[in-house]
Amino acid sequence: MMTLRINQTDLDLGQDEHALLHELCLDIDELVRAQPREVTQNGERVLTLLAALEARGAIPEHRVRYFTHPDYYPGGRKRSLKEIYEDNGTRGDDIARHPPFVKIMRYFLNGPDLSASVKREFSDAVQHAGGEITGSEVIEVANAARRITREHGLQPHAASDEFFKLALEHGAHPMWAKSIYERVRTTRVR
């Protein structure tokens, strides 16, 4: 099975965790085409790595909250991603085994799924606005995120969620991150 490999993560991994990471397929499209046995094995590896990371508190709290808390998931209509899984009948460890969870695992490991140049431009915008994202800076930062979306040819629907996550990475309260999310989501791409 071909796999989306992550050679670098922004988390500090132990040797066993690093080995597990290199055995994972983190590409949902690849998992859809994989044999059921491979999907099952991958799910067990995801669960094992997730448990190891959780046991030592290696995943930043705002990333965990993106999955577990409704305020940190703007597309959930007042439900967390975890609650959405549970509402669909997937519970407990089976959530991590579920193939679409690899997208969440990638976020836990690497943060927002945006290029380094997009992240850098966003960071520059935050610094230009005063170094943080609060009520008085959020409009300027949201407008910058919208401009970045256009200039980089990003799809607003997908980019809005990634910019929400990126705002969390910069310490934004979910309320301010959601303002950026909404601004990017309504971007018209030329």
# chains A, B, ... in the order shown; residues from 1 in each chain; ligands from 1

call {"tool": "residues_around", "arguments": {"residues": "Val141 (chain A)", "least_positions_apart": "6", "cutoff": "12 Å", "atoms": "only C-alpha atoms", "output": "PyMOL selection string"}}
result
chain A and resi 121-135+147-148+163-164+166-167+170+172+176-181+183-184

call {"tool": "residues_around", "arguments": {"residues": "Glu151 (chain A)", "least_positions_apart": "2", "cutoff": "12 Å", "atoms": "only C-alpha atoms", "output": "PyMOL selection string"}}
result
chain A and resi 117-118+121+144-149+153-156+187-190

call {"tool": "closest_residue", "arguments": {"among": "A:Ile139, A:Ile95, A:Ala159, A:Val64", "to": "Lys119 (chain A)", "atoms": "only C-alpha atoms"}}
result
A:Ala159

call {"tool": "atom_distance", "arguments": {"atom1": "CA of Glu162 (chain A)", "atom2": "CA of Gly76 (chain A)"}}
result
14.5 Å

call {"tool": "closest_atom_pairs", "arguments": {"of": "region 55-141 of chain A", "to": "region 15-25 of chain A", "cutoff": "12 Å", "atoms": "only C-alpha atoms", "output": "Markdown table"}}
result
| residue | atom | partner | partner_atom | distance |
| --- | --- | --- | --- | --- |
| A:Ala55 | CA | A:Glu17 | CA | 12.0 |
| A:Arg56 | CA | A:Glu17 | CA | 11.6 |
| A:Ala58 | CA | A:Glu17 | CA | 11.1 |
| A:Arg97 | CA | A:Leu24 | CA | 11.7 |
| A:Pro99 | CA | A:Cys25 | CA | 9.5 |
| A:Pro100 | CA | A:Cys25 | CA | 11.2 |
| A:Phe101 | CA | A:Cys25 | CA | 11.2 |
| A:Val102 | CA | A:Cys25 | CA | 7.9 |
| A:Lys103 | CA | A:Cys25 | CA | 10.5 |
| A:Met105 | CA | A:Leu24 | CA | 10.3 |
| A:Arg106 | CA | A:Cys25 | CA | 10.1 |
| A:Leu109 | CA | A:Leu21 | CA | 9.5 |
| A:Asn110 | CA | A:Leu21 | CA | 11.9 |

call {"tool": "residues_around", "arguments": {"residues": "Asp94 (chain A)", "least_positions_apart": "3", "cutoff": "9 Å", "atoms": "only C-alpha atoms", "output": "ChimeraX atom specification"}}
result
/A:43,47,90-91,97-98

call {"tool": "closest_residue", "arguments": {"among": "A:Glu137, A:Glu38, A:Glu83, A:Glu54", "to": "Phe108 (chain A)", "atoms": "only C-alpha atoms"}}
result
A:Glu54

call {"tool": "closest_residue", "arguments": {"among": "A:His69, A:His152, A:Lys82, A:Arg37", "to": "Ala116 (chain A)", "atoms": "only C-alpha atoms"}}
result
A:His152

call {"tool": "select_by_dssp", "arguments": {"residues": "region 79-173 of chain A", "states": "helix (DSSP H, G or I)", "output": "VMD selection string"}}
result
chain A and resid 81 to 87 93 to 97 101 to 110 116 to 128 138 to 151 156 to 169

call {"tool": "closest_residue", "arguments": {"among": "A:Ala51, A:Leu11, A:Ile104, A:Leu114", "to": "Leu26 (chain A)", "atoms": "only C-alpha atoms"}}
result
A:Ile104

call {"tool": "closest_residue", "arguments": {"among": "A:Leu13, A:Leu81, A:Val39, A:Ala34", "to": "Ile59 (chain A)", "atoms": "only C-alpha atoms"}}
result
A:Leu13
